[in-house]
Each structure stands twice: as structure tokens, then as C-alpha cells.
>>> print(open('entry.pdb').read())   # PDB, C-alpha atoms and all ligand atoms
ATOM      1  CA  MET W   1     -12.639   4.819  -4.435  1.00  0.00           C
ATOM      2  CA  ALA W   2     -16.076   4.051  -5.719  1.00  0.00           C
ATOM      3  CA  HIS W   3     -16.368   0.734  -3.922  1.00  0.00           C
ATOM      4  CA  LEU W   4     -15.204   1.804  -0.493  1.00  0.00           C
ATOM      5  CA  ASN W   5     -17.997   2.512   1.951  1.00  0.00           C
ATOM      6  CA  ASN W   6     -17.473   3.508   5.578  1.00  0.00           C
ATOM      7  CA  GLU W   7     -17.865  -0.051   6.791  1.00  0.00           C
ATOM      8  CA  LYS W   8     -15.088  -1.325   4.511  1.00  0.00           C
ATOM      9  CA  ILE W   9     -12.840   1.567   5.533  1.00  0.00           C
ATOM     10  CA  ARG W  10     -13.432   0.882   9.230  1.00  0.00           C
ATOM     11  CA  ARG W  11     -12.597  -2.778   8.691  1.00  0.00           C
ATOM     12  CA  ILE W  12      -9.348  -1.952   6.872  1.00  0.00           C
ATOM     13  CA  ASN W  13      -8.389   0.680   9.465  1.00  0.00           C
ATOM     14  CA  LYS W  14      -8.837  -1.972  12.153  1.00  0.00           C
ATOM     15  CA  VAL W  15      -6.531  -4.405  10.305  1.00  0.00           C
ATOM     16  CA  ILE W  16      -3.936  -1.612   9.996  1.00  0.00           C
ATOM     17  CA  GLY W  17      -4.291  -0.729  13.688  1.00  0.00           C
ATOM     18  CA  ASP W  18      -3.880  -4.370  14.704  1.00  0.00           C
ATOM     19  CA  LEU W  19      -0.863  -4.780  12.427  1.00  0.00           C
ATOM     20  CA  ASN W  20       0.841  -1.668  13.827  1.00  0.00           C
ATOM     21  CA  MET W  21       0.149  -2.869  17.364  1.00  0.00           C
ATOM     22  CA  GLN W  22       1.500  -6.381  16.739  1.00  0.00           C
ATOM     23  CA  GLN W  23       4.550  -5.103  14.879  1.00  0.00           C
ATOM     24  CA  ASP W  24       5.082  -2.093  17.108  1.00  0.00           C
ATOM     25  CA  SER W  25       5.260  -0.179  13.821  1.00  0.00           C
ATOM     26  CA  ASP W  26       4.703   3.501  13.233  1.00  0.00           C
ATOM     27  CA  PHE W  27       4.966   4.741   9.658  1.00  0.00           C
ATOM     28  CA  PRO W  28       6.917   6.454   8.168  1.00  0.00           C
ATOM     29  CA  GLU W  29       9.579   5.598  10.766  1.00  0.00           C
ATOM     30  CA  THR W  30       9.002   1.869  10.285  1.00  0.00           C
ATOM     31  CA  SER W  31      10.155   0.220   7.076  1.00  0.00           C
ATOM     32  CA  ILE W  32       7.582  -1.792   5.111  1.00  0.00           C
ATOM     33  CA  ILE W  33      10.389  -4.243   4.358  1.00  0.00           C
ATOM     34  CA  ASP W  34      10.800  -4.984   8.077  1.00  0.00           C
ATOM     35  CA  VAL W  35       7.038  -5.445   8.473  1.00  0.00           C
ATOM     36  CA  ALA W  36       6.946  -7.894   5.557  1.00  0.00           C
ATOM     37  CA  GLU W  37       9.811  -9.878   7.044  1.00  0.00           C
ATOM     38  CA  SER W  38       8.291 -10.078  10.483  1.00  0.00           C
ATOM     39  CA  LEU W  39       5.051 -11.297   8.904  1.00  0.00           C
ATOM     40  CA  GLY W  40       7.104 -14.146   7.431  1.00  0.00           C
ATOM     41  CA  VAL W  41       6.755 -12.820   3.889  1.00  0.00           C
ATOM     42  CA  SER W  42       9.827 -12.984   1.657  1.00  0.00           C
ATOM     43  CA  LEU W  43      10.533 -10.093  -0.691  1.00  0.00           C
ATOM     44  CA  LYS W  44      12.194 -10.357  -4.079  1.00  0.00           C
ATOM     45  CA  THR W  45      12.709  -8.016  -6.977  1.00  0.00           C
ATOM     46  CA  ALA W  46      12.094  -9.437 -10.420  1.00  0.00           C
ATOM     47  CA  LYS W  47      12.320  -8.500 -14.043  1.00  0.00           C
ATOM     48  CA  PHE W  48       8.893  -8.927 -15.616  1.00  0.00           C
ATOM     49  CA  LYS W  49       8.271  -9.370 -19.321  1.00  0.00           C
ATOM     50  CA  GLU W  50       5.352  -6.973 -19.095  1.00  0.00           C
ATOM     51  CA  ASP W  51       6.384  -3.677 -17.638  1.00  0.00           C
ATOM     52  CA  ASN W  52       2.904  -2.829 -16.346  1.00  0.00           C
ATOM     53  CA  ILE W  53       3.185  -5.583 -13.742  1.00  0.00           C
ATOM     54  CA  ALA W  54       3.870  -3.847 -10.437  1.00  0.00           C
ATOM     55  CA  GLY W  55       4.131  -7.006  -8.384  1.00  0.00           C
ATOM     56  CA  LEU W  56       2.923 -10.495  -7.756  1.00  0.00           C
ATOM     57  CA  ILE W  57       2.288 -12.756  -4.820  1.00  0.00           C
ATOM     58  CA  ASP W  58       3.326 -16.374  -4.624  1.00  0.00           C
ATOM     59  CA  TYR W  59       1.112 -17.607  -1.792  1.00  0.00           C
ATOM     60  CA  GLY W  60       3.341 -20.649  -1.256  1.00  0.00           C
ATOM     61  CA  GLU W  61       2.350 -24.199  -0.447  1.00  0.00           C
ATOM     62  CA  GLU W  62      -0.816 -24.302   1.682  1.00  0.00           C
ATOM     63  CA  GLY W  63      -0.556 -20.633   2.477  1.00  0.00           C
ATOM     64  CA  LYS W  64       2.887 -20.947   4.046  1.00  0.00           C
ATOM     65  CA  GLY W  65       5.944 -18.998   2.981  1.00  0.00           C
ATOM     66  CA  ALA W  66       4.384 -16.292   0.825  1.00  0.00           C
ATOM     67  CA  ILE W  67       6.743 -14.386  -1.468  1.00  0.00           C
ATOM     68  CA  ILE W  68       6.084 -10.915  -2.853  1.00  0.00           C
ATOM     69  CA  PHE W  69       7.883 -10.089  -6.106  1.00  0.00           C
ATOM     70  CA  VAL W  70       8.166  -6.433  -7.072  1.00  0.00           C
ATOM     71  CA  ASN W  71       9.160  -5.010 -10.432  1.00  0.00           C
ATOM     72  CA  GLU W  72      12.850  -4.128 -10.280  1.00  0.00           C
ATOM     73  CA  SER W  73      12.398  -1.358 -12.844  1.00  0.00           C
ATOM     74  CA  ASN W  74      10.098   0.578 -10.491  1.00  0.00           C
ATOM     75  CA  ASN W  75      11.652   3.136  -8.168  1.00  0.00           C
ATOM     76  CA  GLU W  76      11.842   2.658  -4.395  1.00  0.00           C
ATOM     77  CA  LYS W  77       8.691   4.675  -3.636  1.00  0.00           C
ATOM     78  CA  LYS W  78       6.641   2.614  -6.069  1.00  0.00           C
ATOM     79  CA  ARG W  79       8.159  -0.640  -4.839  1.00  0.00           C
ATOM     80  CA  ASN W  80       7.306   0.254  -1.229  1.00  0.00           C
ATOM     81  CA  PHE W  81       3.731   0.940  -2.224  1.00  0.00           C
ATOM     82  CA  THR W  82       3.565  -2.345  -4.134  1.00  0.00           C
ATOM     83  CA  ILE W  83       4.852  -4.258  -1.091  1.00  0.00           C
ATOM     84  CA  ALA W  84       2.194  -2.625   1.120  1.00  0.00           C
ATOM     85  CA  HIS W  85      -0.483  -3.292  -1.527  1.00  0.00           C
ATOM     86  CA  GLU W  86       0.452  -6.985  -1.743  1.00  0.00           C
ATOM     87  CA  ILE W  87       0.545  -7.289   2.076  1.00  0.00           C
ATOM     88  CA  ALA W  88      -2.996  -5.908   1.999  1.00  0.00           C
ATOM     89  CA  HIS W  89      -4.077  -8.740  -0.291  1.00  0.00           C
ATOM     90  CA  LEU W  90      -2.410 -11.258   2.029  1.00  0.00           C
ATOM     91  CA  LEU W  91      -4.178  -9.863   5.109  1.00  0.00           C
ATOM     92  CA  LEU W  92      -7.549  -8.934   3.620  1.00  0.00           C
ATOM     93  CA  HIS W  93      -8.257 -11.289   0.747  1.00  0.00           C
ATOM     94  CA  PRO W  94      -8.225 -15.098   0.920  1.00  0.00           C
ATOM     95  CA  ASN W  95      -6.531 -16.603  -2.132  1.00  0.00           C
ATOM     96  CA  ASN W  96      -9.113 -19.424  -2.424  1.00  0.00           C
ATOM     97  CA  GLY W  97      -6.544 -21.995  -3.436  1.00  0.00           C
ATOM     98  CA  ALA W  98      -4.838 -19.885  -6.109  1.00  0.00           C
ATOM     99  CA  ARG W  99      -1.054 -20.078  -5.978  1.00  0.00           C
ATOM    100  CA  PHE W 100      -0.317 -16.706  -7.602  1.00  0.00           C
ATOM    101  CA  LYS W 101      -1.839 -13.264  -7.823  1.00  0.00           C
ATOM    102  CA  VAL W 102      -0.486 -10.852 -10.409  1.00  0.00           C
ATOM    103  CA  ASP W 103      -0.988  -7.113  -9.998  1.00  0.00           C
ATOM    104  CA  ARG W 104      -0.874  -5.896 -13.521  1.00  0.00           C
ATOM    105  CA  HIS W 105      -2.650  -2.606 -13.243  1.00  0.00           C
ATOM    106  CA  ASP W 106      -1.314   0.840 -12.702  1.00  0.00           C
ATOM    107  CA  PHE W 107      -2.128   1.704  -9.089  1.00  0.00           C
ATOM    108  CA  GLN W 108      -2.988   5.260  -9.976  1.00  0.00           C
ATOM    109  CA  ASN W 109      -5.641   4.327 -12.499  1.00  0.00           C
ATOM    110  CA  LEU W 110      -8.678   4.353 -10.245  1.00  0.00           C
ATOM    111  CA  LYS W 111     -11.399   4.093 -12.874  1.00  0.00           C
ATOM    112  CA  THR W 112     -11.344   0.429 -13.722  1.00  0.00           C
ATOM    113  CA  LYS W 113     -10.568  -1.109 -10.370  1.00  0.00           C
ATOM    114  CA  ASN W 114     -12.458  -3.827  -8.635  1.00  0.00           C
ATOM    115  CA  VAL W 115     -13.211  -3.724  -4.941  1.00  0.00           C
ATOM    116  CA  MET W 116     -10.202  -5.811  -3.850  1.00  0.00           C
ATOM    117  CA  GLU W 117      -7.799  -3.541  -5.697  1.00  0.00           C
ATOM    118  CA  GLU W 118      -9.356  -0.439  -4.173  1.00  0.00           C
ATOM    119  CA  GLU W 119      -9.156  -1.991  -0.726  1.00  0.00           C
ATOM    120  CA  ALA W 120      -5.496  -2.918  -1.219  1.00  0.00           C
ATOM    121  CA  ASP W 121      -4.663   0.578  -2.477  1.00  0.00           C
ATOM    122  CA  TYR W 122      -6.487   2.209   0.414  1.00  0.00           C
ATOM    123  CA  PHE W 123      -4.694  -0.089   2.877  1.00  0.00           C
ATOM    124  CA  ALA W 124      -1.280   0.686   1.365  1.00  0.00           C
ATOM    125  CA  ALA W 125      -1.886   4.446   1.335  1.00  0.00           C
ATOM    126  CA  GLU W 126      -3.256   4.562   4.883  1.00  0.00           C
ATOM    127  CA  LEU W 127      -0.511   2.281   6.241  1.00  0.00           C
ATOM    128  CA  LEU W 128       2.401   4.157   4.630  1.00  0.00           C
ATOM    129  CA  ALA W 129       1.005   7.705   4.812  1.00  0.00           C
ATOM    130  CA  PRO W 130      -1.580   7.732   7.630  1.00  0.00           C
ATOM    131  CA  GLU W 131      -4.355  10.291   7.237  1.00  0.00           C
ATOM    132  CA  HIS W 132      -3.906  11.694  10.753  1.00  0.00           C
ATOM    133  CA  LYS W 133      -0.204  12.348  10.130  1.00  0.00           C
ATOM    134  CA  ILE W 134      -0.856  14.089   6.826  1.00  0.00           C
ATOM    135  CA  LYS W 135      -3.507  16.223   8.529  1.00  0.00           C
ATOM    136  CA  GLU W 136      -1.088  17.135  11.298  1.00  0.00           C
ATOM    137  CA  ILE W 137       1.493  18.273   8.734  1.00  0.00           C
ATOM    138  CA  MET W 138      -1.224  20.188   6.827  1.00  0.00           C
ATOM    139  CA  PHE W 139      -2.423  22.080   9.874  1.00  0.00           C
ATOM    140  CA  LYS W 140       0.963  22.750  11.448  1.00  0.00           C
ATOM    141  CA  SER W 141       2.841  23.755   8.308  1.00  0.00           C
ATOM    142  CA  LYS W 142       0.021  25.489   6.415  1.00  0.00           C
ATOM    143  CA  MET W 143       1.867  24.559   3.213  1.00  0.00           C
ATOM    144  CA  GLN W 144       0.241  25.101  -0.145  1.00  0.00           C
ATOM    145  CA  GLU W 145      -0.863  21.951  -1.917  1.00  0.00           C
ATOM    146  CA  TRP W 146       2.140  21.552  -4.224  1.00  0.00           C
ATOM    147  CA  ASP W 147       4.670  22.041  -1.386  1.00  0.00           C
ATOM    148  CA  LEU W 148       2.659  19.678   0.768  1.00  0.00           C
ATOM    149  CA  VAL W 149       2.711  17.002  -1.959  1.00  0.00           C
ATOM    150  CA  ASN W 150       6.484  17.328  -2.358  1.00  0.00           C
ATOM    151  CA  PHE W 151       7.144  17.349   1.358  1.00  0.00           C
ATOM    152  CA  CYS W 152       4.860  14.404   2.144  1.00  0.00           C
ATOM    153  CA  SER W 153       6.148  12.346  -0.791  1.00  0.00           C
ATOM    154  CA  ALA W 154       9.683  12.616   0.614  1.00  0.00           C
ATOM    155  CA  TYR W 155       8.613  12.277   4.262  1.00  0.00           C
ATOM    156  CA  PHE W 156       6.438   9.178   3.791  1.00  0.00           C
ATOM    157  CA  ASN W 157       8.580   7.773   0.948  1.00  0.00           C
ATOM    158  CA  VAL W 158       5.644   7.297  -1.423  1.00  0.00           C
ATOM    159  CA  SER W 159       5.058   8.772  -4.866  1.00  0.00           C
ATOM    160  CA  LYS W 160       3.593  12.233  -5.377  1.00  0.00           C
ATOM    161  CA  SER W 161       0.518  10.718  -7.004  1.00  0.00           C
ATOM    162  CA  VAL W 162      -0.188   8.655  -3.875  1.00  0.00           C
ATOM    163  CA  ILE W 163      -0.030  11.854  -1.794  1.00  0.00           C
ATOM    164  CA  SER W 164      -2.204  13.784  -4.278  1.00  0.00           C
ATOM    165  CA  ASN W 165      -4.806  11.051  -4.067  1.00  0.00           C
ATOM    166  CA  ARG W 166      -4.625  11.117  -0.264  1.00  0.00           C
ATOM    167  CA  LEU W 167      -5.172  14.891  -0.243  1.00  0.00           C
ATOM    168  CA  LYS W 168      -8.194  14.549  -2.537  1.00  0.00           C
ATOM    169  CA  TRP W 169      -9.506  11.846  -0.226  1.00  0.00           C
ATOM    170  CA  ILE W 170      -8.919  13.957   2.897  1.00  0.00           C
ATOM    171  CA  ASN W 171     -10.567  17.007   1.344  1.00  0.00           C
ATOM    172  CA  THR W 172     -13.778  15.251   0.302  1.00  0.00           C
TER     173      THR W 172
HETATM  174 ZN    ZN Q   1      -3.739  -5.753  -6.183  1.00  0.00          ZN
END
>>> encode(input="entry.pdb", output="C-alpha cells")
Amino acid sequence: MAHLNNEKIRRINKVIGDLNMQQDSDFPETSIIDVAESLGVSLKTAKFKEDNIAGLIDYGEEGKGAIIFVNESNNEKKRNFTIAHEIAHLLLHPNNGARFKVDRHDFQNLKTKNVMEEEADYFAAELLAPEHKIKEIMFKSKMQEWDLVNFCSAYFNVSKSVISNRLKWINT
């Protein structure tokens, strides 16, 4: 998360807070699919020629009727994260007239990311697996790291690598 300073994090946390307030959403109880739909974003699964494409956004005509396509060969946890990541782009990053945005990278590969990708990943992780909820589980359960990763991955319905990254983030 080399590009994320406190100011950027505060800004993203505010967007997440506003979204949860507007949608009356509370993750992990709320489904990201429902949030996408109530934002007017259509969701589709697609077969991509390149398997390293996690998802893409079709911004639609004049910014209306955005569609998020997710890779059908990814499992549900990964697809959920992709949906949240693409919603982040829609809420945080103007498309500047571009019709499509393709997310080709592997979300877990943090080394080569630009600032928008880091912001979208942070947004997705904090929306789906909020830091304060992970901390609550950590302090109440006193689980060891590996048990905590397994438990939180199932509880928040995100991959184990997303939780591992969250724990690293929380512990630094
Ligand atoms: Zn992205």
C-alpha cells in the first residue's frame, strides 16, 4: 500500500461510510450484489480470453447504466472482491470519457500497482471486511493468526489472502 497516505485513507473511509449509510448496509451481513444493484450497476459473469482478467467495467453511455463483468472462472470470494473493487473505481475514479476499464492484474500482487488500484483494493477490503470488525474478532476470540485467517475468510466471504493482507495492515 505504498501509495496510500492517511489523507487518502480518510477520504476512502468517508466514501465507504456514506455508502453504508445510504444503502443501510453493514458487511458482512449485506451482500455486495445487493449494493451494486441498488447503485444501479448491473452485474454479469463473463468468460474472458485472458484468465488474468478479474473484471471489467462498462461505464455505459454518458456514465449511465454501468455494467461490471466478473470472470466466471473465479470463485465466489474472488468475484465478490472484484465487484467491490470495481464499485470503488466507479465511486472514486472518474472515467474521463473512457467506455471500458479492464482489471487485468492479480489483486494480491501489491508490488506493481498504481495508486488507483491500491485505492480500489483498500476500498474493497475495508468495505467487505471492515477493520473494526476484524479487530473485534481478534480481541474477543484471541485466535492464533492461521485460525483467524480461516475464520475471517469464511465470515466475511473473502479470500484468505485478502484477510492476511488486512492483518498485516492492522498490525503495522
Ligand atoms: Zn482496478
>>> residues_around(input="entry.pdb", residues="His3 (chain W)", least_positions_apart="3", cutoff="10 Å", atoms="only C-alpha atoms", output="list in words")
Asn6, Lys8, Lys113, Asn114, Val115, Met116, Glu117, Glu118 and Glu119 of chain W
>>> resolve_selection(input="entry.pdb", expression="the PyMOL selection byres (((chain W and resi 155) around 10) and not hetatm)", output="PyMOL selection string")
chain W and resi 27-29+129+134+149-154+156-158
>>> closest_residue(input="entry.pdb", among="W:Ser38, W:Ser161, W:Thr82, W:Thr172", to="ligand ZN 1 (chain Q)", atoms="all atoms listed in the file")
W:Thr82
>>> resolve_selection(input="entry.pdb", expression="the PyMOL selection byres (((not hetatm)) within 12 of (chain Q and resi 1))", output="ChimeraX atom specification")
/W:53-57,68,70,81-90,92-93,95,100-108,110,113-124
>>> atom_distance(input="entry.pdb", atom1="CA of Leu167 (chain W)", atom2="CA of Trp146 (chain W)")
10.7 Å
>>> resolve_selection(input="entry.pdb", expression="the PyMOL selection byres (((chain W and resi 166) around 9) and not hetatm)", output="ChimeraX atom specification")
/W:125-126,129,131,134,161-165,167-171
>>> axis_aligned_box(input="entry.pdb", around="region 78-94 of chain W", padding_each_side="6 Å", output="AutoDock Vina command-line options")
--center_x 0.0 --center_y -6.2 --center_z -0.5 --size_x 28.4 --size_y 29.7 --size_z 23.2
>>> atom_distance(input="entry.pdb", atom1="CA of Lys140 (chain W)", atom2="CA of Asp26 (chain W)")
19.7 Å
>>> atom_distance(input="entry.pdb", atom1="CA of Asp34 (chain W)", atom2="CA of Phe48 (chain W)")
24.1 Å
>>> residues_near_point(input="entry.pdb", point="(8.9, -3.1, -11.6)", cutoff="9 Å", atoms="all atoms listed in the file", output="list in words")
Thr45, Ala46, Lys47, Phe48, Asp51, Asn52, Ile53, Ala54, Gly55, Phe69, Val70, Asn71, Glu72, Ser73, Asn74, Asn75, Lys78 and Arg79 of chain W
>>> residues_around(input="entry.pdb", residues="Ser25 (chain W)", least_positions_apart="3", cutoff="12 Å", atoms="all atoms listed in the file", output="number ranges by chain")
W: 16-22, 28-36, 38, 127-128
>>> decode(input="entry.pdb", residues="region 45-118 of chain W", atoms="C-alpha atoms", output="PDB file, in the first residue's frame")
ATOM      1  CA  THR W  45     -20.273 -13.005 -15.284  1.00  0.00           C
ATOM      2  CA  ALA W  46     -18.190 -13.470 -18.398  1.00  0.00           C
ATOM      3  CA  LYS W  47     -15.688 -15.819 -19.907  1.00  0.00           C
ATOM      4  CA  PHE W  48     -12.526 -13.874 -20.693  1.00  0.00           C
ATOM      5  CA  LYS W  49      -9.909 -14.952 -23.203  1.00  0.00           C
ATOM      6  CA  GLU W  50      -7.192 -13.951 -20.768  1.00  0.00           C
ATOM      7  CA  ASP W  51      -7.600 -15.674 -17.463  1.00  0.00           C
ATOM      8  CA  ASN W  52      -5.755 -12.980 -15.503  1.00  0.00           C
ATOM      9  CA  ILE W  53      -8.622 -10.560 -16.105  1.00  0.00           C
ATOM     10  CA  ALA W  54     -10.549 -10.369 -12.840  1.00  0.00           C
ATOM     11  CA  GLY W  55     -13.201  -7.990 -14.090  1.00  0.00           C
ATOM     12  CA  LEU W  56     -14.075  -5.057 -16.250  1.00  0.00           C
ATOM     13  CA  ILE W  57     -16.351  -2.068 -16.130  1.00  0.00           C
ATOM     14  CA  ASP W  58     -18.517  -0.895 -18.984  1.00  0.00           C
ATOM     15  CA  TYR W  59     -19.279   2.666 -17.894  1.00  0.00           C
ATOM     16  CA  GLY W  60     -22.254   2.849 -20.267  1.00  0.00           C
ATOM     17  CA  GLU W  61     -23.412   5.741 -22.396  1.00  0.00           C
ATOM     18  CA  GLU W  62     -22.664   9.085 -20.713  1.00  0.00           C
ATOM     19  CA  GLY W  63     -21.990   7.417 -17.407  1.00  0.00           C
ATOM     20  CA  LYS W  64     -25.434   5.833 -17.204  1.00  0.00           C
ATOM     21  CA  GLY W  65     -26.102   2.138 -16.784  1.00  0.00           C
ATOM     22  CA  ALA W  66     -22.673   0.877 -15.758  1.00  0.00           C
ATOM     23  CA  ILE W  67     -22.103  -2.874 -16.015  1.00  0.00           C
ATOM     24  CA  ILE W  68     -19.491  -4.808 -14.057  1.00  0.00           C
ATOM     25  CA  PHE W  69     -18.331  -8.062 -15.659  1.00  0.00           C
ATOM     26  CA  VAL W  70     -16.554 -10.572 -13.439  1.00  0.00           C
ATOM     27  CA  ASN W  71     -14.560 -13.597 -14.523  1.00  0.00           C
ATOM     28  CA  GLU W  72     -16.826 -16.634 -14.286  1.00  0.00           C
ATOM     29  CA  SER W  73     -13.863 -18.920 -13.621  1.00  0.00           C
ATOM     30  CA  ASN W  74     -13.089 -17.127 -10.341  1.00  0.00           C
ATOM     31  CA  ASN W  75     -14.674 -18.444  -7.161  1.00  0.00           C
ATOM     32  CA  GLU W  76     -17.383 -16.556  -5.264  1.00  0.00           C
ATOM     33  CA  LYS W  77     -14.988 -14.943  -2.766  1.00  0.00           C
ATOM     34  CA  LYS W  78     -12.816 -13.571  -5.552  1.00  0.00           C
ATOM     35  CA  ARG W  79     -15.829 -12.440  -7.563  1.00  0.00           C
ATOM     36  CA  ASN W  80     -17.221 -10.570  -4.542  1.00  0.00           C
ATOM     37  CA  PHE W  81     -13.915  -8.808  -4.087  1.00  0.00           C
ATOM     38  CA  THR W  82     -13.801  -7.929  -7.786  1.00  0.00           C
ATOM     39  CA  ILE W  83     -17.318  -6.452  -7.614  1.00  0.00           C
ATOM     40  CA  ALA W  84     -16.324  -4.314  -4.603  1.00  0.00           C
ATOM     41  CA  HIS W  85     -13.075  -3.297  -6.341  1.00  0.00           C
ATOM     42  CA  GLU W  86     -14.935  -2.206  -9.488  1.00  0.00           C
ATOM     43  CA  ILE W  87     -17.543  -0.314  -7.413  1.00  0.00           C
ATOM     44  CA  ALA W  88     -14.589   1.507  -5.863  1.00  0.00           C
ATOM     45  CA  HIS W  89     -13.446   2.636  -9.305  1.00  0.00           C
ATOM     46  CA  LEU W  90     -16.983   3.803 -10.100  1.00  0.00           C
ATOM     47  CA  LEU W  91     -17.232   5.830  -6.877  1.00  0.00           C
ATOM     48  CA  LEU W  92     -13.661   7.089  -6.563  1.00  0.00           C
ATOM     49  CA  HIS W  93     -12.223   7.433 -10.044  1.00  0.00           C
ATOM     50  CA  PRO W  94     -13.764   9.418 -12.913  1.00  0.00           C
ATOM     51  CA  ASN W  95     -13.522   7.513 -16.193  1.00  0.00           C
ATOM     52  CA  ASN W  96     -12.634  10.665 -18.190  1.00  0.00           C
ATOM     53  CA  GLY W  97     -14.677   9.632 -21.189  1.00  0.00           C
ATOM     54  CA  ALA W  98     -13.348   6.071 -21.423  1.00  0.00           C
ATOM     55  CA  ARG W  99     -16.063   3.499 -22.051  1.00  0.00           C
ATOM     56  CA  PHE W 100     -14.279   0.494 -20.520  1.00  0.00           C
ATOM     57  CA  LYS W 101     -11.836  -0.252 -17.748  1.00  0.00           C
ATOM     58  CA  VAL W 102     -10.211  -3.670 -17.641  1.00  0.00           C
ATOM     59  CA  ASP W 103      -8.751  -5.004 -14.403  1.00  0.00           C
ATOM     60  CA  ARG W 104      -6.133  -7.367 -15.617  1.00  0.00           C
ATOM     61  CA  HIS W 105      -3.893  -7.618 -12.622  1.00  0.00           C
ATOM     62  CA  ASP W 106      -3.866 -10.069  -9.803  1.00  0.00           C
ATOM     63  CA  PHE W 107      -5.297  -8.210  -6.809  1.00  0.00           C
ATOM     64  CA  GLN W 108      -2.835  -9.807  -4.452  1.00  0.00           C
ATOM     65  CA  ASN W 109       0.221  -8.613  -6.324  1.00  0.00           C
ATOM     66  CA  LEU W 110       0.849  -5.369  -4.485  1.00  0.00           C
ATOM     67  CA  LYS W 111       4.268  -4.517  -5.887  1.00  0.00           C
ATOM     68  CA  THR W 112       3.416  -3.104  -9.268  1.00  0.00           C
ATOM     69  CA  LYS W 113       0.186  -1.302  -8.540  1.00  0.00           C
ATOM     70  CA  ASN W 114      -0.645   2.257  -9.323  1.00  0.00           C
ATOM     71  CA  VAL W 115      -2.451   4.494  -6.883  1.00  0.00           C
ATOM     72  CA  MET W 116      -5.953   3.894  -8.288  1.00  0.00           C
ATOM     73  CA  GLU W 117      -5.563   0.138  -7.997  1.00  0.00           C
ATOM     74  CA  GLU W 118      -4.332   0.414  -4.422  1.00  0.00           C
TER      75      GLU W 118
END
